[in-house]
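Asker: What follows is entry_0.cif, made up of mmCIF, C-alpha atoms:
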```cif
data_entry
#
loop_
_atom_site.label_atom_id
_atom_site.label_comp_id
_atom_site.auth_asym_id
_atom_site.auth_seq_id
_atom_site.Cartn_x
_atom_site.Cartn_y
_atom_site.Cartn_z
CA MET N 1 -0.94 -23.68 -6.37
CA ARG N 2 0.48 -21.58 -3.54
CA LEU N 3 -1.58 -18.52 -2.59
CA TYR N 4 -0.22 -15.79 -0.30
CA LEU N 5 -2.99 -14.67 2.07
CA ALA N 6 -2.41 -10.94 2.59
CA GLY N 7 -4.62 -9.05 5.01
CA PRO N 8 -5.07 -7.41 8.38
CA ASP N 9 -6.33 -10.77 9.67
CA VAL N 10 -2.91 -11.03 11.38
CA PHE N 11 -4.13 -8.33 13.80
CA LEU N 12 -7.14 -10.36 14.99
CA PRO N 13 -7.14 -11.58 18.62
CA ASP N 14 -6.41 -15.17 17.53
CA PRO N 15 -4.49 -14.75 14.27
CA TYR N 16 -3.19 -18.33 14.13
CA ASN N 17 -6.70 -19.71 14.36
CA ARG N 18 -7.81 -17.28 11.66
CA ALA N 19 -4.92 -18.34 9.42
CA ALA N 20 -5.87 -22.00 9.91
CA THR N 21 -9.47 -21.21 8.91
CA LEU N 22 -8.41 -19.35 5.76
CA LYS N 23 -6.02 -22.18 4.84
CA SER N 24 -8.70 -24.83 5.33
CA HIS N 25 -10.91 -23.02 2.81
CA CYS N 26 -7.97 -22.87 0.39
CA ALA N 27 -7.50 -26.61 0.80
CA MET N 28 -11.19 -27.20 0.03
CA HIS N 29 -10.53 -25.48 -3.30
CA GLY N 30 -7.39 -27.54 -3.93
CA LEU N 31 -5.19 -24.51 -3.16
CA THR N 32 -2.34 -24.09 -0.67
CA GLY N 33 -2.77 -21.01 1.49
CA VAL N 34 0.41 -19.37 2.76
CA SER N 35 0.03 -17.12 5.81
CA PRO N 36 2.33 -14.25 6.84
CA LEU N 37 2.50 -16.11 10.16
CA ASP N 38 4.01 -19.24 8.64
CA ASP N 39 7.60 -20.20 9.35
CA LEU N 40 9.87 -19.69 6.37
CA LEU N 41 11.65 -22.82 5.23
CA GLY N 42 15.32 -22.09 4.68
CA GLU N 43 15.19 -18.69 6.40
CA PRO N 44 18.72 -17.25 6.33
CA ALA N 45 20.35 -17.71 9.73
CA GLU N 46 21.48 -14.08 9.89
CA TRP N 47 17.87 -12.87 9.90
CA ALA N 48 17.73 -13.98 13.53
CA ASN N 49 19.81 -10.88 14.27
CA LEU N 50 17.35 -8.48 12.66
CA PRO N 51 14.90 -6.47 14.79
CA GLU N 52 11.59 -8.35 14.88
CA ALA N 53 9.71 -5.96 12.57
CA HIS N 54 12.42 -6.24 9.92
CA ARG N 55 12.56 -10.03 10.20
CA ILE N 56 8.79 -10.24 9.75
CA ALA N 57 8.98 -8.04 6.66
CA ARG N 58 11.78 -10.05 5.05
CA ARG N 59 9.88 -13.24 5.74
CA ASN N 60 6.67 -11.88 4.25
CA GLU N 61 8.49 -10.74 1.12
CA ALA N 62 10.05 -14.22 0.81
CA HIS N 63 6.67 -15.90 1.33
CA ILE N 64 5.14 -13.75 -1.43
CA ALA N 65 8.00 -14.53 -3.80
CA SER N 66 7.43 -18.25 -3.13
CA CYS N 67 3.76 -18.11 -4.17
CA HIS N 68 2.01 -18.33 -7.53
CA ALA N 69 -0.61 -15.73 -6.71
CA LEU N 70 -1.76 -13.41 -3.93
CA VAL N 71 -5.21 -13.01 -2.37
CA ALA N 72 -5.68 -9.78 -0.41
CA ASN N 73 -8.27 -8.95 2.24
CA LEU N 74 -9.01 -5.36 1.15
CA THR N 75 -11.73 -4.67 3.73
CA PRO N 76 -11.18 -1.01 4.71
CA PHE N 77 -8.94 -0.77 7.75
CA ARG N 78 -8.75 2.34 9.95
CA GLY N 79 -9.73 4.73 7.19
CA PRO N 80 -11.24 4.59 3.70
CA SER N 81 -8.52 2.30 2.25
CA ALA N 82 -7.25 -1.20 2.86
CA ASP N 83 -4.49 -2.01 5.38
CA ALA N 84 -1.17 -0.46 4.33
CA GLY N 85 0.82 -3.68 4.76
CA THR N 86 -1.67 -5.55 2.59
CA VAL N 87 -1.49 -2.89 -0.13
CA PHE N 88 2.32 -2.97 -0.05
CA GLU N 89 2.24 -6.72 -0.53
CA LEU N 90 -0.25 -6.49 -3.38
CA GLY N 91 2.03 -4.01 -5.17
CA PHE N 92 5.00 -6.28 -4.51
CA MET N 93 3.33 -9.30 -6.10
CA ARG N 94 2.03 -7.22 -9.01
CA ALA N 95 5.61 -6.19 -9.83
CA LEU N 96 6.58 -9.87 -9.85
CA GLY N 97 4.09 -10.23 -12.71
CA ARG N 98 1.88 -12.80 -11.02
CA PRO N 99 -1.90 -12.71 -10.51
CA VAL N 100 -3.29 -10.70 -7.60
CA PHE N 101 -6.84 -11.16 -6.32
CA GLY N 102 -8.80 -9.13 -3.79
CA TRP N 103 -11.86 -9.45 -1.62
CA THR N 104 -13.59 -7.00 0.68
CA ASN N 105 -16.44 -7.20 3.15
CA ASP N 106 -17.41 -3.59 2.39
CA ALA N 107 -19.03 -3.14 -1.01
CA THR N 108 -19.35 0.65 -0.78
CA LEU N 109 -17.46 2.77 -3.30
CA PHE N 110 -14.10 4.28 -2.33
CA ALA N 111 -15.31 7.79 -3.13
CA ASP N 112 -18.38 7.38 -0.91
CA ARG N 113 -16.29 6.01 1.97
CA THR N 114 -13.77 8.81 1.59
CA ARG N 115 -16.48 11.49 1.60
CA ALA N 116 -18.03 9.96 4.72
CA PHE N 117 -14.58 9.81 6.37
CA ALA N 118 -13.81 13.42 5.48
CA GLY N 119 -17.30 14.65 6.29
CA VAL N 120 -17.74 16.36 2.93
CA ALA N 121 -20.15 16.01 0.03
CA GLY N 122 -18.01 17.35 -2.81
CA ASP N 123 -14.79 16.34 -4.52
CA ARG N 124 -12.30 17.84 -2.01
CA ASP N 125 -11.60 16.98 1.63
CA GLY N 126 -10.95 19.51 4.40
CA ASP N 127 -7.35 19.91 3.21
CA ALA N 128 -8.60 20.64 -0.34
CA MET N 129 -7.15 17.30 -1.43
CA GLN N 130 -9.08 15.68 -4.26
CA ILE N 131 -11.37 12.74 -3.55
CA GLU N 132 -10.60 10.06 -6.14
CA ASP N 133 -13.87 9.10 -7.80
CA PHE N 134 -13.64 6.47 -10.52
CA GLY N 135 -16.38 4.18 -9.23
CA LEU N 136 -13.79 1.80 -7.82
CA ALA N 137 -13.48 -0.08 -4.53
CA ASP N 138 -10.25 1.62 -3.39
CA ASN N 139 -7.32 3.61 -4.80
CA LEU N 140 -7.07 3.00 -8.53
CA MET N 141 -3.63 1.38 -8.33
CA ILE N 142 -5.18 -1.49 -6.36
CA GLU N 143 -8.16 -2.39 -8.51
CA ALA N 144 -6.36 -1.73 -11.81
CA ALA N 145 -3.47 -3.97 -10.78
CA ILE N 146 -5.88 -6.77 -9.92
CA ILE N 147 -7.62 -6.57 -13.29
CA ALA N 148 -4.41 -6.10 -15.30
CA SER N 149 -2.84 -9.12 -13.59
CA GLY N 150 -5.72 -11.39 -14.56
CA GLY N 151 -7.17 -11.45 -11.05
CA THR N 152 -10.60 -10.54 -9.74
CA LEU N 153 -12.00 -8.34 -6.98
CA THR N 154 -14.88 -9.76 -4.94
CA ARG N 155 -16.99 -7.16 -3.13
CA HIS N 156 -19.49 -8.25 -0.55
CA SER N 157 -21.42 -6.34 2.07
CA CYS N 158 -21.94 -7.81 5.48
CA PRO N 159 -23.04 -6.35 8.82
CA SER N 160 -20.29 -4.08 10.14
CA HIS N 161 -19.72 -6.17 13.26
CA GLN N 162 -18.98 -9.25 11.11
CA ARG N 163 -16.53 -7.61 8.74
CA TRP N 164 -13.43 -9.20 10.27
CA GLN N 165 -15.02 -12.64 10.46
CA SER N 166 -17.27 -13.12 7.41
CA LEU N 167 -15.83 -15.50 4.83
CA GLU N 168 -18.41 -15.14 2.05
CA ALA N 169 -16.28 -12.78 -0.05
CA PHE N 170 -13.12 -14.78 0.68
CA THR N 171 -14.61 -18.09 -0.42
CA ALA N 172 -16.12 -16.47 -3.54
CA CYS N 173 -12.67 -15.09 -4.27
CA LEU N 174 -11.12 -18.55 -3.90
CA ALA N 175 -13.67 -19.91 -6.37
CA ALA N 176 -12.58 -17.18 -8.80
CA VAL N 177 -8.93 -18.11 -8.27
CA LYS N 178 -9.77 -21.73 -8.93
CA ALA N 179 -11.75 -20.85 -12.06
CA SER N 180 -8.87 -18.76 -13.42
CA LEU N 181 -6.39 -21.65 -13.35
CA MET U 1 19.30 9.11 -12.10
CA ARG U 2 15.55 8.86 -12.58
CA LEU U 3 13.48 9.07 -9.39
CA TYR U 4 9.78 8.22 -9.31
CA LEU U 5 7.97 10.73 -7.07
CA ALA U 6 5.18 8.75 -5.39
CA GLY U 7 2.75 10.54 -3.12
CA PRO U 8 -0.70 11.99 -2.59
CA ASP U 9 0.64 15.27 -3.97
CA VAL U 10 -1.33 14.40 -7.12
CA PHE U 11 -4.50 15.17 -5.14
CA LEU U 12 -3.46 18.76 -4.34
CA PRO U 13 -5.48 21.60 -5.92
CA ASP U 14 -2.66 22.38 -8.39
CA PRO U 15 -0.92 19.02 -8.85
CA TYR U 16 1.03 20.03 -11.97
CA ASN U 17 2.54 23.00 -10.18
CA ARG U 18 3.40 20.76 -7.22
CA ALA U 19 5.06 18.24 -9.55
CA ALA U 20 7.10 21.03 -11.15
CA THR U 21 8.26 22.17 -7.70
CA LEU U 22 9.29 18.66 -6.64
CA LYS U 23 11.10 18.15 -9.95
CA SER U 24 12.96 21.43 -9.62
CA HIS U 25 14.34 20.29 -6.27
CA CYS U 26 15.38 16.99 -7.83
CA ALA U 27 17.21 18.91 -10.55
CA MET U 28 19.04 20.98 -7.91
CA HIS U 29 20.38 17.66 -6.60
CA GLY U 30 21.32 16.48 -10.09
CA LEU U 31 18.39 14.04 -10.11
CA THR U 32 15.56 13.60 -12.62
CA GLY U 33 12.16 13.56 -10.94
CA VAL U 34 9.44 11.56 -12.67
CA SER U 35 5.86 12.45 -11.75
CA PRO U 36 2.78 10.20 -12.00
CA LEU U 37 1.33 13.08 -14.04
CA ASP U 38 4.02 12.87 -16.73
CA ASP U 39 3.19 11.64 -20.20
CA LEU U 40 4.61 8.21 -20.91
CA LEU U 41 6.91 8.09 -23.89
CA GLY U 42 5.99 5.17 -26.12
CA GLU U 43 2.69 4.52 -24.38
CA PRO U 44 1.01 1.57 -26.17
CA ALA U 45 -1.70 2.88 -28.49
CA GLU U 46 -4.26 0.39 -27.19
CA TRP U 47 -4.12 1.95 -23.73
CA ALA U 48 -6.20 4.80 -25.14
CA ASN U 49 -9.13 2.38 -25.01
CA LEU U 50 -8.75 1.65 -21.31
CA PRO U 51 -10.98 3.36 -18.73
CA GLU U 52 -9.11 6.39 -17.35
CA ALA U 53 -8.34 4.87 -13.95
CA HIS U 54 -6.81 1.79 -15.55
CA ARG U 55 -4.77 3.86 -18.02
CA ILE U 56 -3.40 5.97 -15.17
CA ALA U 57 -2.41 2.83 -13.24
CA ARG U 58 -0.66 1.23 -16.23
CA ARG U 59 1.19 4.47 -16.88
CA ASN U 60 2.29 4.78 -13.25
CA GLU U 61 3.56 1.20 -13.23
CA ALA U 62 5.49 1.89 -16.43
CA HIS U 63 6.93 5.12 -15.00
CA ILE U 64 8.11 3.25 -11.90
CA ALA U 65 9.68 0.50 -13.99
CA SER U 66 11.56 3.20 -15.95
CA CYS U 67 13.15 4.70 -12.82
CA HIS U 68 16.26 3.83 -10.84
CA ALA U 69 14.71 4.56 -7.46
CA LEU U 70 11.47 5.70 -5.84
CA VAL U 71 10.89 8.51 -3.35
CA ALA U 72 7.57 8.29 -1.49
CA ASN U 73 5.68 11.00 0.36
CA LEU U 74 4.54 8.93 3.34
CA THR U 75 2.81 11.76 5.23
CA PRO U 76 -0.27 10.11 6.79
CA PHE U 77 -3.27 10.46 4.52
CA ARG U 78 -6.88 10.04 5.73
CA GLY U 79 -5.97 7.72 8.58
CA PRO U 80 -2.85 6.60 10.46
CA SER U 81 -1.04 5.29 7.35
CA ALA U 82 0.30 6.73 4.12
CA ASP U 83 -1.80 7.01 0.95
CA ALA U 84 -2.73 3.57 -0.40
CA GLY U 85 -1.61 4.31 -3.96
CA THR U 86 1.77 5.47 -2.69
CA VAL U 87 2.20 2.34 -0.57
CA PHE U 88 1.26 0.13 -3.54
CA GLU U 89 3.92 1.85 -5.65
CA LEU U 90 6.54 1.49 -2.94
CA GLY U 91 5.85 -2.24 -2.76
CA PHE U 92 5.99 -2.45 -6.55
CA MET U 93 9.43 -0.83 -6.72
CA ARG U 94 10.70 -2.88 -3.79
CA ALA U 95 9.85 -6.07 -5.71
CA LEU U 96 11.84 -4.73 -8.67
CA GLY U 97 14.84 -4.78 -6.31
CA ARG U 98 15.62 -1.08 -6.59
CA PRO U 99 16.09 1.45 -3.77
CA VAL U 100 13.01 2.98 -2.18
CA PHE U 101 13.17 6.14 -0.07
CA GLY U 102 10.52 7.78 2.08
CA TRP U 103 9.79 11.11 3.70
CA THR U 104 6.99 12.24 5.96
CA ASN U 105 5.92 15.55 7.43
CA ASP U 106 4.56 13.79 10.52
CA ALA U 107 7.27 12.48 12.84
CA THR U 108 4.91 10.81 15.31
CA LEU U 109 5.07 7.06 15.74
CA PHE U 110 2.61 4.83 13.87
CA ALA U 111 1.40 3.24 17.11
CA ASP U 112 0.71 6.63 18.67
CA ARG U 113 -1.16 7.84 15.58
CA THR U 114 -3.17 4.63 15.44
CA ARG U 115 -4.14 4.87 19.12
CA ALA U 116 -5.22 8.48 18.64
CA PHE U 117 -7.22 7.51 15.54
CA ALA U 118 -8.90 4.59 17.34
CA GLY U 119 -9.40 6.55 20.57
CA VAL U 120 -7.75 3.89 22.70
CA ALA U 121 -4.75 3.75 25.01
CA GLY U 122 -3.91 0.05 24.86
CA ASP U 123 -2.78 -2.39 22.21
CA ARG U 124 -6.21 -3.15 20.62
CA ASP U 125 -8.63 -0.92 18.72
CA GLY U 126 -12.43 -0.95 19.12
CA ASP U 127 -12.64 -4.05 16.89
CA ALA U 128 -10.06 -5.84 19.12
CA MET U 129 -7.58 -5.61 16.23
CA GLN U 130 -3.98 -5.32 17.39
CA ILE U 131 -2.20 -1.97 17.19
CA GLU U 132 1.20 -2.60 15.59
CA ASP U 133 3.82 -1.13 17.90
CA PHE U 134 7.41 -1.55 16.77
CA GLY U 135 8.50 2.07 17.18
CA LEU U 136 8.22 2.63 13.43
CA ALA U 137 6.77 5.41 11.28
CA ASP U 138 4.11 3.27 9.58
CA ASN U 139 3.26 -0.38 8.88
CA LEU U 140 6.41 -2.47 9.20
CA MET U 141 6.40 -3.57 5.55
CA ILE U 142 7.00 0.05 4.53
CA GLU U 143 9.90 1.02 6.76
CA ALA U 144 11.57 -2.40 6.57
CA ALA U 145 11.44 -2.35 2.77
CA ILE U 146 13.05 1.08 2.71
CA ILE U 147 15.92 -0.01 4.95
CA ALA U 148 16.39 -3.40 3.26
CA SER U 149 16.52 -1.74 -0.16
CA GLY U 150 19.32 0.60 0.89
CA GLY U 151 17.05 3.61 1.14
CA THR U 152 16.33 6.02 3.98
CA LEU U 153 13.24 7.36 5.74
CA THR U 154 13.23 11.07 6.59
CA ARG U 155 10.80 12.05 9.34
CA HIS U 156 10.10 15.69 9.99
CA SER U 157 7.45 17.43 11.99
CA CYS U 158 5.85 20.59 10.71
CA PRO U 159 2.69 22.49 11.64
CA SER U 160 -0.35 20.44 10.61
CA HIS U 161 -1.61 23.05 8.18
CA GLN U 162 1.70 22.95 6.27
CA ARG U 163 1.92 19.19 5.94
CA TRP U 164 0.95 19.08 2.26
CA GLN U 165 3.28 21.95 1.36
CA SER U 166 6.43 21.72 3.50
CA LEU U 167 9.48 20.54 1.56
CA GLU U 168 12.00 20.21 4.40
CA ALA U 169 11.67 16.44 4.68
CA PHE U 170 11.56 16.03 0.90
CA THR U 171 14.74 18.00 0.30
CA ALA U 172 16.50 16.17 3.14
CA CYS U 173 15.40 12.93 1.52
CA LEU U 174 16.81 14.03 -1.83
CA ALA U 175 20.13 14.79 -0.13
CA ALA U 176 20.07 11.24 1.26
CA VAL U 177 19.35 9.84 -2.21
CA LYS U 178 22.22 11.85 -3.61
CA ALA U 179 24.57 10.68 -0.82
CA SER U 180 23.63 7.05 -1.44
CA LEU U 181 24.72 7.10 -5.08
#
```
Would you encode the structure as structure tokens?

Answerer:
Amino acid sequence: MRLYLAGPDVFLPDPYNRAATLKSHCAMHGLTGVSPLDDLLGEPAEWANLPEAHRIARRNEAHIASCHALVANLTPFRGPSADAGTVFELGFMRALGRPVFGWTNDATLFADRTRAFAGVAGDRDGDAMQIEDFGLADNLMIEAAIIASGGTLTRHSCPSHQRWQSLEAFTACLAAVKASL
Amino acid sequence: MRLYLAGPDVFLPDPYNRAATLKSHCAMHGLTGVSPLDDLLGEPAEWANLPEAHRIARRNEAHIASCHALVANLTPFRGPSADAGTVFELGFMRALGRPVFGWTNDATLFADRTRAFAGVAGDRDGDAMQIEDFGLADNLMIEAAIIASGGTLTRHSCPSHQRWQSLEAFTACLAAVKASL
């Protein structure tokens, strides 16, 4: 079973090493991890002419379409929500009708993180924009898609300085993927 | 032509009034705006038993699937990137193979916004995570999807205090949608 490994892990200082680590854990569960950094077999020759950012995006979309399921690192990234690229990819796979799974190294509630980010205690931020408060881990589209697709969301707290390295939530998520097969 | 109006506008103090305003501009362009706040015709009766957040998400997915194209308000929301729910929906529509359009009331570059957010001048944030710098408006998956789908991204700067009200970028985006038909 091919699993697309979405997440801001690609921004780590040694992203290829990180991808190899994530894939090795997939393999231990009998799963094939597919990284955004992987070469794309059969990549159309004309993509070589695209600007790099656009070529990366096409390749990622093709990788996702080649997988049976998606596993997203939803650890909050530069704000209360997950990385935007990761969330895009999760929505993409959801629309393909395949299972999407998530894991996060921050088990706090989205509403609590948003209030802390905005520096408010109520249900509006400084722009009077509502603070979504459904007891979920992130924006409702994310968690609802995971559940509706048959996936699971693994929430795990770890010390803040380990949140881009800890693999406890990831490996628990892989066990859930394996159990769902 | 039915256009799904994705955006954090649903979090404004009077979201129904905002939706009516956006729809009226769609109508002026001969387009039918569909808001996340709209009732869903033929909503499955069993959805009434879902928790509210999950019912909203199912309804939004169904609204998107019922539209010919999506127009996303990508104005940065609580961090350097667009609202997570909006980005999810953009990815969802992209996977359906239909055109996705974007508009933002902040014309700064994603890399510049991210550096300002992280308080750094280089290409790594305080966690040593790379700052994506391709001269784009947001994470590359977003802008590349828009272009690859045949859509457009309208970037417009307005005074910060008007960024949740200004409609200049939105109406320019609607003109682009209209021109693309």

Asker: Pull out every residue that the PyMOL selection byres ((chain N and resi 92) around 7) matches in the shown coordinates and put them as a list of chain:residue names.

Answerer: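 On the file shown, the PyMOL selection byres ((chain N and resi 92) around 7) covers N:Phe88, N:Glu89, N:Leu90, N:Gly91, N:Met93, N:Arg94, N:Ala95, N:Leu96, U:Gly91, U:Phe92, U:Arg94, U:Ala95.
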
Asker: Could you tell me, as a PyMOL selection string, exactly which residues end up selected when the PyMOL selection byres ((chain N and resi 2) around 10) is applied to this structure?

Answerer: chain N and resi 1+3-5+26+30-34+63-64+66-70

Asker: For Pro76 (chain U), which of U:His29, U:His156, U:Arg113, U:Lys23 is the closest residue, counting all atoms listed in the file?

Answerer: U:Arg113

Asker: Provide as a ChimeraX atom specification the residues of chain N at most 6 Å from chain U, counting only C-alpha atoms.

Answerer: /N:11-12,53-54,57,79,85,87-88,91-92,95,129-130,139-141,144

Asker: Pick from U:Ala48, U:Val71, U:Leu40, U:Ala111: nearest to Leu22 (chain U), with only C-alpha atoms counted?

Answerer: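 Once distances to Leu22 (chain U) are computed over only C-alpha atoms, the minimum belongs to U:Val71.
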
Asker: In Å to one decimal, how far is CA of Arg59 (chain N) from CA of Thr21 (chain N)?

Answerer: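 Answer for the CA of Thr21 (chain N) to CA of Arg59 (chain N) separation: 21.2 Å.
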